[in-house]
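S.K.: Below is the structure I would like to discuss, written out as structure tokens.
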Amino acid sequence: MLQVKFSDILRATLPLRSGNEGWLGFSPKGDLYHVVVPVDVQIARGVMACNRPTDGTPFGGYAKWLYFRCPPFEDEGGQGSSDESARIRQASATARLLIKWLSSYGIEATVDKRHPSEQEEASSVDAASEESPAGRKTETHDRTKEFPAD
């Protein structure tokens, strides 16, 4: 089951006045995802209208991946805590829609709503030490799964 970090949904939830949108890309198998921000609204509209680039990679994403738009939040133009509250409310609504959308593609997923610092702790605990080709120890964290090499 794929775990999507709420902090990534929050990161992709941009203010409406920015003129940009955030998107989440999911691998066809549903085992990986990545965050694409910021994306110019006009570029995103063109991509979603099937004006896809010739290489099949929408706005810098991966070919054949599924892309989900994170709607922007209505902001008050820099009103501090009220803007952050609106952003969190929008990201929460988006998280619910995302899970339904993924299930329509047969992808089982949950949203990890822990605080970002707790998520980083869990990633550190889950980190696997491995030997690099040069013989140096390297750390591989869950976050690297979001950006697979083609």
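Starting from 1 in every chain, residues are counted up; chains themselves are A, B, ... following the order of the structure tokens, and ligands are numbered from 1 as listed.
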Taking the chain letters and numbering used in this document, name the residues of stretch 60-102 of chain A that DSSP puts in strand (DSSP E), as an MDAnalysis selection string.
M.R.: chainID A and resid 66:70
S.K.: Env of stretch 97-114 of chain A: 10 Å cut, atoms = only C-alpha atoms, seq-sep filter 5 positions within chain, self excluded. Answer as number ranges by chain.
M.R.: A: 1-9, 24, 26-31, 66, 68-70, 91-92, 119-120, 122
S.K.: Kindly give the distance, in Å, that separates atom CA of A:Pro72 and atom CA of A:Arg87, rounded to a single decimal.
M.R.: 8.0 Å
S.K.: List the neighbours of stretch 81-86 of chain A out to 12 Å using only C-alpha atoms; skip same-chain residues closer than 3 positions along the sequence, and give me the result as a PyMOL selection string.
M.R.: chain A and resi 10-11+13-17+71-78+89-93
S.K.: Go ahead and dump the residues you just picked, N, CA and C atoms, as an mmCIF file, in the first residue's frame.
M.R.:
data_model
loop_
_atom_site.group_PDB
_atom_site.id
_atom_site.type_symbol
_atom_site.label_atom_id
_atom_site.label_comp_id
_atom_site.auth_asym_id
_atom_site.auth_seq_id
_atom_site.Cartn_x
_atom_site.Cartn_y
_atom_site.Cartn_z
ATOM 1 N N LEU A 10 0.293 19.090 1.268
ATOM 2 C CA LEU A 10 0.325 20.475 1.736
ATOM 3 C C LEU A 10 1.295 21.304 0.894
ATOM 4 N N ARG A 11 2.435 20.737 0.576
ATOM 5 C CA ARG A 11 3.439 21.439 -0.248
ATOM 6 C C ARG A 11 2.892 21.733 -1.646
ATOM 7 N N THR A 13 -0.240 22.315 -2.306
ATOM 8 C CA THR A 13 -1.419 23.161 -2.182
ATOM 9 C C THR A 13 -0.955 24.607 -2.104
ATOM 10 N N LEU A 14 -1.034 25.290 -3.230
ATOM 11 C CA LEU A 14 -0.503 26.648 -3.366
ATOM 12 C C LEU A 14 -1.620 27.684 -3.293
ATOM 13 N N PRO A 15 -1.281 28.933 -2.962
ATOM 14 C CA PRO A 15 -2.311 29.974 -2.938
ATOM 15 C C PRO A 15 -2.810 30.295 -4.352
ATOM 16 N N LEU A 16 -4.102 30.547 -4.460
ATOM 17 C CA LEU A 16 -4.712 30.849 -5.750
ATOM 18 C C LEU A 16 -4.034 32.038 -6.428
ATOM 19 N N ARG A 17 -3.681 33.044 -5.647
ATOM 20 C CA ARG A 17 -3.085 34.258 -6.224
ATOM 21 C C ARG A 17 -1.696 34.021 -6.823
ATOM 22 N N PRO A 71 -5.829 21.231 -5.916
ATOM 23 C CA PRO A 71 -6.428 22.553 -6.110
ATOM 24 C C PRO A 71 -5.810 23.595 -5.182
ATOM 25 N N PRO A 72 -5.677 24.820 -5.665
ATOM 26 C CA PRO A 72 -5.129 25.888 -4.826
ATOM 27 C C PRO A 72 -6.136 26.289 -3.743
ATOM 28 N N PHE A 73 -5.647 26.986 -2.741
ATOM 29 C CA PHE A 73 -6.539 27.458 -1.681
ATOM 30 C C PHE A 73 -6.787 28.951 -1.864
ATOM 31 N N GLU A 74 -7.984 29.384 -1.449
ATOM 32 C CA GLU A 74 -8.341 30.801 -1.473
ATOM 33 C C GLU A 74 -7.594 31.477 -0.330
ATOM 34 N N ASP A 75 -6.715 32.388 -0.677
ATOM 35 C CA ASP A 75 -5.936 33.055 0.358
ATOM 36 C C ASP A 75 -6.413 34.490 0.530
ATOM 37 N N GLU A 76 -6.054 35.044 1.668
ATOM 38 C CA GLU A 76 -6.441 36.407 2.011
ATOM 39 C C GLU A 76 -5.334 37.402 1.685
ATOM 40 N N GLY A 77 -4.359 36.989 0.888
ATOM 41 C CA GLY A 77 -3.278 37.902 0.538
ATOM 42 C C GLY A 77 -2.289 38.128 1.657
ATOM 43 N N GLY A 78 -1.874 37.036 2.277
ATOM 44 C CA GLY A 78 -0.836 37.151 3.307
ATOM 45 C C GLY A 78 -1.361 37.440 4.693
ATOM 46 N N ARG A 89 -7.071 23.244 5.383
ATOM 47 C CA ARG A 89 -8.413 22.745 5.046
ATOM 48 C C ARG A 89 -8.456 22.234 3.605
ATOM 49 N N GLN A 90 -7.860 23.007 2.676
ATOM 50 C CA GLN A 90 -7.868 22.587 1.274
ATOM 51 C C GLN A 90 -7.064 21.301 1.093
ATOM 52 N N ALA A 91 -5.903 21.207 1.741
ATOM 53 C CA ALA A 91 -5.061 20.009 1.624
ATOM 54 C C ALA A 91 -5.776 18.786 2.195
ATOM 55 N N SER A 92 -6.538 18.962 3.269
ATOM 56 C CA SER A 92 -7.298 17.842 3.861
ATOM 57 C C SER A 92 -8.379 17.360 2.903
ATOM 58 N N ALA A 93 -9.080 18.305 2.283
ATOM 59 C CA ALA A 93 -10.108 17.936 1.299
ATOM 60 C C ALA A 93 -9.458 17.244 0.102
#
S.K.: Using only C-alpha atoms, which residue out of A:Gly25, A:Gln42, A:Ala95, A:Val37 lies closest to A:Tyr67?
M.R.: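 For A:Tyr67, the nearest of the given residues is A:Gly25.
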S.K.: In Å, with one decimal, what is the gap from atom CA of A:Gly22 to atom CA of A:His34?
M.R.: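 A separation of 10.9 Å between them.
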S.K.: Please, what distance in Å, to one decimal, runs between atom CA of A:Tyr33 and atom CA of A:Tyr62?
M.R.: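 Distance reported for this atom pair: 10.2 Å.
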